[in-house]
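Below is one structure, written out as structure tokens, with a few remarks after it.
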Amino acid sequence: MDINGKYFKKFVDRNQKYYVEQSERAKDKQHAKGKLTARERIDLLFDENSFEEIDAFVIPASIDSKPAKEYGDGVIIGHGRISGRVVYVYSQDFSVMGGSLGAVHAEKIVKVQDLALRTGAPIIGIIDSGGARIQEGIASLAGYAKIFYRNVRSSGIIPQISVIMGPAAGGAVYSPALTDFVFMTNKTSYMFVTGPNVVKEVLNEEVTFDELGGALVHSKKSGVSQMMYDDEENTILGVRKLLSFLPSNNLENPPFIETQDSPDRIEDKLRDIVPDDPNKPYDVKDIIKLLIDNGRFFEVAENYAQNLVVGFARLNNKAIGILANQPKVLAGTLDIDSSLKGSRFVRFCDAFNIPLLVLEDVPGFLPGVDQEHSGIIKHGAKLIYAFCEATVPKITVILRKSYGGAYIVMNSKNIGGDFNFAWPSAEIAVMGPEAAVAVLYRKELESAKDPVIFKKEYAAKYRDEIANPYIADEKGFIDEVIDPAVTRKKLITAFEALENKHLQMPERKHGNIPL
């Protein structure tokens, strides 16, 4: 074909219109808001020159017999490589009809969802949309329904990540909520079912976009978003980092990455982190960083339910998921929010073959009328269900407190823990020493000359004689009391021993998790 001929000229002209003119227009609009364009986001996300676009020149449905003029219909779809692995993406373009979702826009997203599922590759949705295209009516609502259906069909088969980089309003919020992880950018991304104007009209309440559904609200209060960054560039880098821990689908293992950290490393510092005073807090993240490869911990939902720390790391080059009670927040107790956070994380790791490490220091479930009336029983049961259901290798290390029902919940031996270790500082009992003394020695406390001293002395005796980890060790409820300094080496050896773990579960359609 003559590259100077009329056919090639038409090809060049069309590409010029789509890729250059549209890009320049979008750049001005987006940059004025402190945001990147849909195409700039894709360029940052994928390995250089690896992105291949699909359906670039489709046009929107015609409304009222008016010809549609916008190529692409406000969303860019395609595939590329992230760290060499194939990933699919759709990126909404707010500069084209506000990124609104009409029938054609939806069909493009559905197409890339189907391709991702069919090929066993992760999918990333970059959301920047004003919502359903009102002028298309029910066709736009049907489009959302098709997307939601595929979110559910893909769940547990391929990783699904939503990146909110502008508004996500009304029905648009439910696709991100159905995916595995939601990223948001502070000050420029929002999620809400009904916006500030509707809240004002219906409830007569004044609220800003940020106050109602900003990144801080959803990462700290609602838990809808698991990751928040201060700018779009770091948000996208966060997505790339998360993917480095995840397999492409549920039939593969997570990526193996050489970290150069010795598996035989001994950490004497671990002997001194847990205070002698059982009521004194410490930061469990200090323990995590000493155990894992190079101290690199990718925390998930860092701002939400901070009494439970969850996230990804590597142990001897292999990805693991970590759950750890955080003694410096609510004394590490389990409450409704932390139960939800933990159970969701456990189920994700189990779906994608990521072994689980539990670091336990939990005095129990958070007491109180508000917790009971809000359903702590039901929500705590979700965490039990998640651990019981999980078939990946599961190891627990009891660092200090392990009391009552919370002991059971945190991957105890009898709900399927494969290896359960304890440090010498561990306290394993039905209840804490002080509470136990109040029950066991009620009459003696009432008649004691100094009840405070009596309670303190008998609590110490209970801690030494009943709650110490050696009793649990002797009865087989833990596998070994270990020197904290060799914990890393013990964990690596234990996970290696579990590499070929396989459980054949009874046939059923699905269980009924207490939702």
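How things are named: the first chain in the structure tokens is A, the next is B, and so on; residues count from 1 in each chain; ligands count from 1 in the order shown.
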
If you run DSSP on the backbone, which residues of stretch 19-53 of chain A are helix (DSSP H, G or I), as number ranges by chain? A: 19-32, 38-45

Would you put the residues from that selection into a file with C-alpha atoms, as a PDB file, in the first residue's frame?
```pdb
ATOM      1  CA  TYR A  19      -4.845  10.537  19.757  1.00  0.00           C
ATOM      2  CA  VAL A  20      -3.624  14.128  19.408  1.00  0.00           C
ATOM      3  CA  GLU A  21      -6.570  16.489  19.433  1.00  0.00           C
ATOM      4  CA  GLN A  22      -8.492  14.596  22.109  1.00  0.00           C
ATOM      5  CA  SER A  23      -5.403  14.150  24.244  1.00  0.00           C
ATOM      6  CA  GLU A  24      -4.509  17.866  24.207  1.00  0.00           C
ATOM      7  CA  ARG A  25      -8.060  18.896  25.087  1.00  0.00           C
ATOM      8  CA  ALA A  26      -8.214  16.404  27.933  1.00  0.00           C
ATOM      9  CA  LYS A  27      -4.813  17.436  29.270  1.00  0.00           C
ATOM     10  CA  ASP A  28      -5.847  21.045  29.841  1.00  0.00           C
ATOM     11  CA  LYS A  29      -9.077  20.093  31.606  1.00  0.00           C
ATOM     12  CA  GLN A  30      -7.582  17.440  33.842  1.00  0.00           C
ATOM     13  CA  HIS A  31      -4.365  19.239  34.747  1.00  0.00           C
ATOM     14  CA  ALA A  32      -6.378  22.277  35.824  1.00  0.00           C
ATOM     15  CA  ALA A  38      -6.945   8.854  31.153  1.00  0.00           C
ATOM     16  CA  ARG A  39      -4.063   8.144  28.780  1.00  0.00           C
ATOM     17  CA  GLU A  40      -1.383   9.544  31.104  1.00  0.00           C
ATOM     18  CA  ARG A  41      -2.652   7.226  33.834  1.00  0.00           C
ATOM     19  CA  ILE A  42      -2.341   4.239  31.515  1.00  0.00           C
ATOM     20  CA  ASP A  43       1.182   5.268  30.478  1.00  0.00           C
ATOM     21  CA  LEU A  44       2.236   5.398  34.141  1.00  0.00           C
ATOM     22  CA  LEU A  45       0.568   2.103  34.979  1.00  0.00           C
TER      23      LEU A  45
END
```

Would you pick out the contacts of A:Asp483 at 8 Å or less, using only C-alpha atoms, so that residues sharing its chain but fewer than 6 positions from it are not included, and give the list as a PyMOL selection string? chain A and resi 271+423-424

Saved selection, atoms kept: C-alpha atoms, as an mmCIF file, in the first residue's frame:
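Once written, out_30.cif looks like this:
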```cif
data_model
loop_
_atom_site.group_PDB
_atom_site.id
_atom_site.type_symbol
_atom_site.label_atom_id
_atom_site.label_comp_id
_atom_site.auth_asym_id
_atom_site.auth_seq_id
_atom_site.Cartn_x
_atom_site.Cartn_y
_atom_site.Cartn_z
ATOM 1 C CA ARG A 271 13.592 -10.740 72.302
ATOM 2 C CA TRP A 423 6.940 -16.926 72.316
ATOM 3 C CA PRO A 424 7.879 -17.359 76.001
#
```

Excluding same-chain residues fewer than 3 positions from A:Tyr385, what lies within 12 Å of it counting only C-alpha atoms, as a short mmCIF file (atom, residue, chain, number, x, y, z; two decimals) with N, CA and C atoms, in the first residue's frame?
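File written: out_9.cif
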```cif
data_model
loop_
_atom_site.label_atom_id
_atom_site.label_comp_id
_atom_site.auth_asym_id
_atom_site.auth_seq_id
_atom_site.Cartn_x
_atom_site.Cartn_y
_atom_site.Cartn_z
N SER A 339 -12.82 -7.15 62.54
CA SER A 339 -13.30 -8.48 62.10
C SER A 339 -13.61 -8.47 60.61
N LEU A 340 -14.26 -7.40 60.16
CA LEU A 340 -14.58 -7.27 58.74
C LEU A 340 -13.30 -7.15 57.91
N GLY A 342 -10.25 -8.14 58.68
CA GLY A 342 -9.50 -9.39 58.69
C GLY A 342 -10.12 -10.48 57.84
N SER A 343 -11.43 -10.64 57.94
CA SER A 343 -12.08 -11.72 57.20
C SER A 343 -12.01 -11.50 55.70
N ARG A 344 -12.15 -10.27 55.27
CA ARG A 344 -12.03 -9.96 53.84
C ARG A 344 -10.62 -10.27 53.34
N VAL A 346 -8.36 -12.38 54.68
CA VAL A 346 -8.12 -13.82 54.72
C VAL A 346 -8.73 -14.49 53.49
N ARG A 347 -9.95 -14.10 53.16
CA ARG A 347 -10.64 -14.74 52.03
C ARG A 347 -9.94 -14.40 50.71
N LYS A 378 -22.14 -11.50 65.07
CA LYS A 378 -22.24 -11.85 63.65
C LYS A 378 -20.95 -11.50 62.90
N HIS A 379 -20.41 -10.33 63.18
CA HIS A 379 -19.23 -9.88 62.44
C HIS A 379 -17.97 -10.63 62.88
N GLY A 380 -17.87 -10.92 64.18
CA GLY A 380 -16.74 -11.73 64.65
C GLY A 380 -16.77 -13.12 64.04
N ALA A 381 -17.98 -13.63 63.83
CA ALA A 381 -18.13 -14.96 63.22
C ALA A 381 -17.60 -15.00 61.79
N LYS A 382 -17.59 -13.85 61.13
CA LYS A 382 -17.05 -13.80 59.77
C LYS A 382 -15.56 -14.14 59.75
N CYS A 388 -11.60 -20.75 59.02
CA CYS A 388 -12.01 -22.16 58.89
C CYS A 388 -12.10 -22.57 57.42
N GLU A 389 -12.53 -21.66 56.59
CA GLU A 389 -12.72 -21.94 55.17
C GLU A 389 -11.40 -21.97 54.40
N ALA A 390 -10.41 -21.22 54.85
CA ALA A 390 -9.16 -21.07 54.11
C ALA A 390 -8.37 -22.37 54.08
N THR A 391 -7.86 -22.70 52.90
CA THR A 391 -7.09 -23.94 52.73
C THR A 391 -5.61 -23.68 52.43
N ILE A 408 -9.39 -18.47 69.87
CA ILE A 408 -9.93 -19.41 68.87
C ILE A 408 -9.92 -18.76 67.48
N VAL A 409 -10.42 -17.52 67.42
CA VAL A 409 -10.61 -16.85 66.14
C VAL A 409 -9.31 -16.65 65.38
N MET A 410 -8.23 -16.33 66.08
CA MET A 410 -6.99 -15.96 65.40
C MET A 410 -6.20 -17.20 64.94
N ASN A 411 -6.86 -18.01 64.13
CA ASN A 411 -6.22 -19.16 63.48
C ASN A 411 -5.62 -20.15 64.49
N ILE A 415 -9.13 -24.66 64.57
CA ILE A 415 -9.91 -24.18 63.43
C ILE A 415 -9.07 -24.24 62.14
N GLY A 416 -7.98 -24.99 62.21
CA GLY A 416 -7.23 -25.27 60.98
C GLY A 416 -5.85 -24.69 60.89
N GLY A 511 -20.80 -22.08 50.76
CA GLY A 511 -21.22 -21.97 52.15
C GLY A 511 -22.07 -20.72 52.37
N ASN A 512 -22.48 -20.51 53.60
CA ASN A 512 -23.34 -19.37 53.91
C ASN A 512 -22.68 -18.53 55.00
N ILE A 513 -21.70 -17.72 54.61
CA ILE A 513 -20.97 -16.88 55.55
C ILE A 513 -21.94 -15.92 56.25
N PRO A 514 -21.79 -15.69 57.55
CA PRO A 514 -22.73 -14.81 58.28
C PRO A 514 -22.55 -13.35 57.88
N LEU A 515 -23.30 -12.93 56.88
CA LEU A 515 -23.16 -11.57 56.34
C LEU A 515 -23.97 -10.56 57.16
#
```

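If you look at atom CA of A:Phe181 and atom CA of A:Ile161, they are 5.0 Å away from each other.
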
Which of these residues is nearest to A:Glu252, using only C-alpha atoms: A:Asp283, A:Gly120, A:Ser222, A:Gln113? A:Gly120

For A:Pro60, find every residue with an atom within 8 Å (counting only C-alpha atoms), except residues of its own chain fewer than 3 positions away, and show them as a PyMOL selection string. chain A and resi 68-73+102-105

Leaving out A:Asn500 and any residue of its chain fewer than 3 positions from it, which residues lie within 10 Å of it when counting only C-alpha atoms, given as number ranges by chain? A: 392-393, 495-497, 503

With a distance cut-off of 12 Å and only C-alpha atoms, select the neighbouring residues of A:Ile466, excluding the residue or stretch itself and same-chain residues fewer than 4 positions from it, and output the selection as a ChimeraX atom specification. /A:403,426-433,436-437,458-462,470-472

If we count only C-alpha atoms and set the cut-off at 9 Å, which residues sit around A:Ser219, ignoring sequence neighbours fewer than 4 positions away in its own chain? Please answer as an mmCIF file with N, CA and C atoms, in the first residue's frame.
```cif
data_model
loop_
_atom_site.group_PDB
_atom_site.id
_atom_site.type_symbol
_atom_site.label_atom_id
_atom_site.label_comp_id
_atom_site.auth_asym_id
_atom_site.auth_seq_id
_atom_site.Cartn_x
_atom_site.Cartn_y
_atom_site.Cartn_z
ATOM 1 N N PHE A 183 -8.399 1.766 45.415
ATOM 2 C CA PHE A 183 -7.415 2.823 45.641
ATOM 3 C C PHE A 183 -8.099 4.175 45.454
ATOM 4 N N MET A 184 -7.735 5.157 46.278
ATOM 5 C CA MET A 184 -8.252 6.519 46.108
ATOM 6 C C MET A 184 -7.108 7.529 46.252
ATOM 7 N N GLY A 214 -14.958 11.558 50.430
ATOM 8 C CA GLY A 214 -13.572 11.706 50.018
ATOM 9 C C GLY A 214 -12.717 10.510 50.393
ATOM 10 N N ALA A 215 -11.478 10.542 49.941
ATOM 11 C CA ALA A 215 -10.567 9.419 50.168
ATOM 12 C C ALA A 215 -10.330 9.172 51.655
ATOM 13 N N GLY A 223 -14.133 2.195 55.416
ATOM 14 C CA GLY A 223 -13.379 1.019 55.002
ATOM 15 C C GLY A 223 -13.618 0.614 53.554
ATOM 16 N N VAL A 224 -14.320 1.445 52.784
ATOM 17 C CA VAL A 224 -14.585 1.137 51.378
ATOM 18 C C VAL A 224 -13.290 1.110 50.571
ATOM 19 N N SER A 225 -12.385 2.029 50.898
ATOM 20 C CA SER A 225 -11.101 2.105 50.190
ATOM 21 C C SER A 225 -9.991 1.542 51.064
ATOM 22 N N GLN A 226 -9.149 0.695 50.489
ATOM 23 C CA GLN A 226 -8.052 0.092 51.249
ATOM 24 C C GLN A 226 -6.749 0.884 51.142
ATOM 25 N N MET A 227 -6.603 1.686 50.099
ATOM 26 C CA MET A 227 -5.360 2.422 49.913
ATOM 27 C C MET A 227 -5.634 3.866 49.522
ATOM 28 N N MET A 228 -4.911 4.774 50.150
ATOM 29 C CA MET A 228 -5.045 6.199 49.848
ATOM 30 C C MET A 228 -3.660 6.804 49.668
ATOM 31 N N ALA A 301 -5.353 -1.255 53.947
ATOM 32 C CA ALA A 301 -6.311 -0.603 54.856
ATOM 33 C C ALA A 301 -5.618 -0.073 56.112
ATOM 34 N N GLU A 302 -4.537 0.658 55.899
ATOM 35 C CA GLU A 302 -3.713 1.154 57.005
ATOM 36 C C GLU A 302 -4.474 2.071 57.947
ATOM 37 N N ASN A 303 -5.407 2.852 57.412
ATOM 38 C CA ASN A 303 -6.106 3.846 58.229
ATOM 39 C C ASN A 303 -7.396 3.337 58.855
ATOM 40 N N TYR A 304 -7.831 2.162 58.477
ATOM 41 C CA TYR A 304 -9.120 1.625 58.931
ATOM 42 C C TYR A 304 -8.900 0.496 59.930
#
```

Using only C-alpha atoms, which residue out of A:Ala56, A:Ala172, A:Ala467, A:Ala61 lies closest to A:Gly78? A:Ala56

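Minimum distance to A:Lys413 across A:Phe477, A:Phe245, A:Phe387, A:Phe192 (counting only C-alpha atoms) occurs at A:Phe477.
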
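The gap separating atom CA of A:Asp361 from atom CA of A:Asn316 is 24.3 Å, in Å to one decimal.
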
Between atom CA of A:Ala168 and atom CA of A:Ile147, what is the distance, to one decimal in Å? 14.4 Å

Please return as number ranges by chain: the residues of stretch 107-328 of chain A that backbone DSSP assigns to strand (DSSP E or B). A: 123-127, 132, 160-164, 167-169, 181-185, 190-192, 214, 227-229, 298-300, 308-315, 318-325

Output for the residues just chosen: C-alpha atoms as a PDB file, in the first residue's frame:
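Result file part_11.pdb:
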```
ATOM      1  CA  ILE A 123      -8.112  -6.268  35.512  1.00  0.00           C
ATOM      2  CA  ILE A 124      -7.795  -2.671  36.681  1.00  0.00           C
ATOM      3  CA  GLY A 125     -10.606  -0.145  36.428  1.00  0.00           C
ATOM      4  CA  ILE A 126      -9.619   3.530  36.582  1.00  0.00           C
ATOM      5  CA  ILE A 127     -12.779   5.394  37.558  1.00  0.00           C
ATOM      6  CA  ALA A 132     -24.909   7.063  34.320  1.00  0.00           C
ATOM      7  CA  GLN A 160      -9.837  -7.006  40.303  1.00  0.00           C
ATOM      8  CA  ILE A 161      -8.562  -3.566  41.319  1.00  0.00           C
ATOM      9  CA  SER A 162     -10.459  -0.281  41.227  1.00  0.00           C
ATOM     10  CA  VAL A 163      -8.613   3.030  41.150  1.00  0.00           C
ATOM     11  CA  ILE A 164     -10.850   6.013  41.916  1.00  0.00           C
ATOM     12  CA  PRO A 167     -15.967  11.097  41.032  1.00  0.00           C
ATOM     13  CA  ALA A 168     -17.753   7.764  41.352  1.00  0.00           C
ATOM     14  CA  ALA A 169     -21.383   8.466  42.103  1.00  0.00           C
ATOM     15  CA  PHE A 181      -9.081  -3.554  46.298  1.00  0.00           C
ATOM     16  CA  VAL A 182     -10.057   0.103  45.993  1.00  0.00           C
ATOM     17  CA  PHE A 183      -7.415   2.823  45.641  1.00  0.00           C
ATOM     18  CA  MET A 184      -8.252   6.519  46.108  1.00  0.00           C
ATOM     19  CA  THR A 185      -6.343   9.786  45.754  1.00  0.00           C
ATOM     20  CA  TYR A 190     -14.886  10.796  45.672  1.00  0.00           C
ATOM     21  CA  MET A 191     -17.376   7.979  46.131  1.00  0.00           C
ATOM     22  CA  PHE A 192     -20.977   8.329  47.251  1.00  0.00           C
ATOM     23  CA  GLY A 214     -13.572  11.706  50.018  1.00  0.00           C
ATOM     24  CA  MET A 227      -5.360   2.422  49.913  1.00  0.00           C
ATOM     25  CA  MET A 228      -5.045   6.199  49.848  1.00  0.00           C
ATOM     26  CA  TYR A 229      -2.257   8.304  48.350  1.00  0.00           C
ATOM     27  CA  PHE A 298       2.796  -3.430  51.927  1.00  0.00           C
ATOM     28  CA  GLU A 299       0.048  -2.576  54.372  1.00  0.00           C
ATOM     29  CA  VAL A 300      -3.603  -2.831  53.330  1.00  0.00           C
ATOM     30  CA  LEU A 308      -5.653  -5.126  63.302  1.00  0.00           C
ATOM     31  CA  VAL A 309      -2.756  -4.788  60.865  1.00  0.00           C
ATOM     32  CA  VAL A 310      -3.010  -6.628  57.527  1.00  0.00           C
ATOM     33  CA  GLY A 311      -0.867  -6.594  54.432  1.00  0.00           C
ATOM     34  CA  PHE A 312       1.542  -8.337  52.092  1.00  0.00           C
ATOM     35  CA  ALA A 313       5.245  -9.095  52.414  1.00  0.00           C
ATOM     36  CA  ARG A 314       7.837 -11.619  51.296  1.00  0.00           C
ATOM     37  CA  LEU A 315       9.384 -14.352  53.360  1.00  0.00           C
ATOM     38  CA  LYS A 318       7.751 -15.721  48.447  1.00  0.00           C
ATOM     39  CA  ALA A 319       4.627 -13.623  48.967  1.00  0.00           C
ATOM     40  CA  ILE A 320       2.616 -14.055  52.175  1.00  0.00           C
ATOM     41  CA  GLY A 321      -0.363 -12.306  53.739  1.00  0.00           C
ATOM     42  CA  ILE A 322       0.016 -11.089  57.327  1.00  0.00           C
ATOM     43  CA  LEU A 323      -2.595 -10.389  60.003  1.00  0.00           C
ATOM     44  CA  ALA A 324      -1.383  -8.973  63.313  1.00  0.00           C
ATOM     45  CA  ASN A 325      -3.170  -7.601  66.371  1.00  0.00           C
TER      46      ASN A 325
END
```

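For the residues A:Gly34, A:Gly156, A:Gly476, A:Pro506, ranking by smallest atom-to-atom distance to A:Asp231 using only C-alpha atoms places A:Gly34 first.
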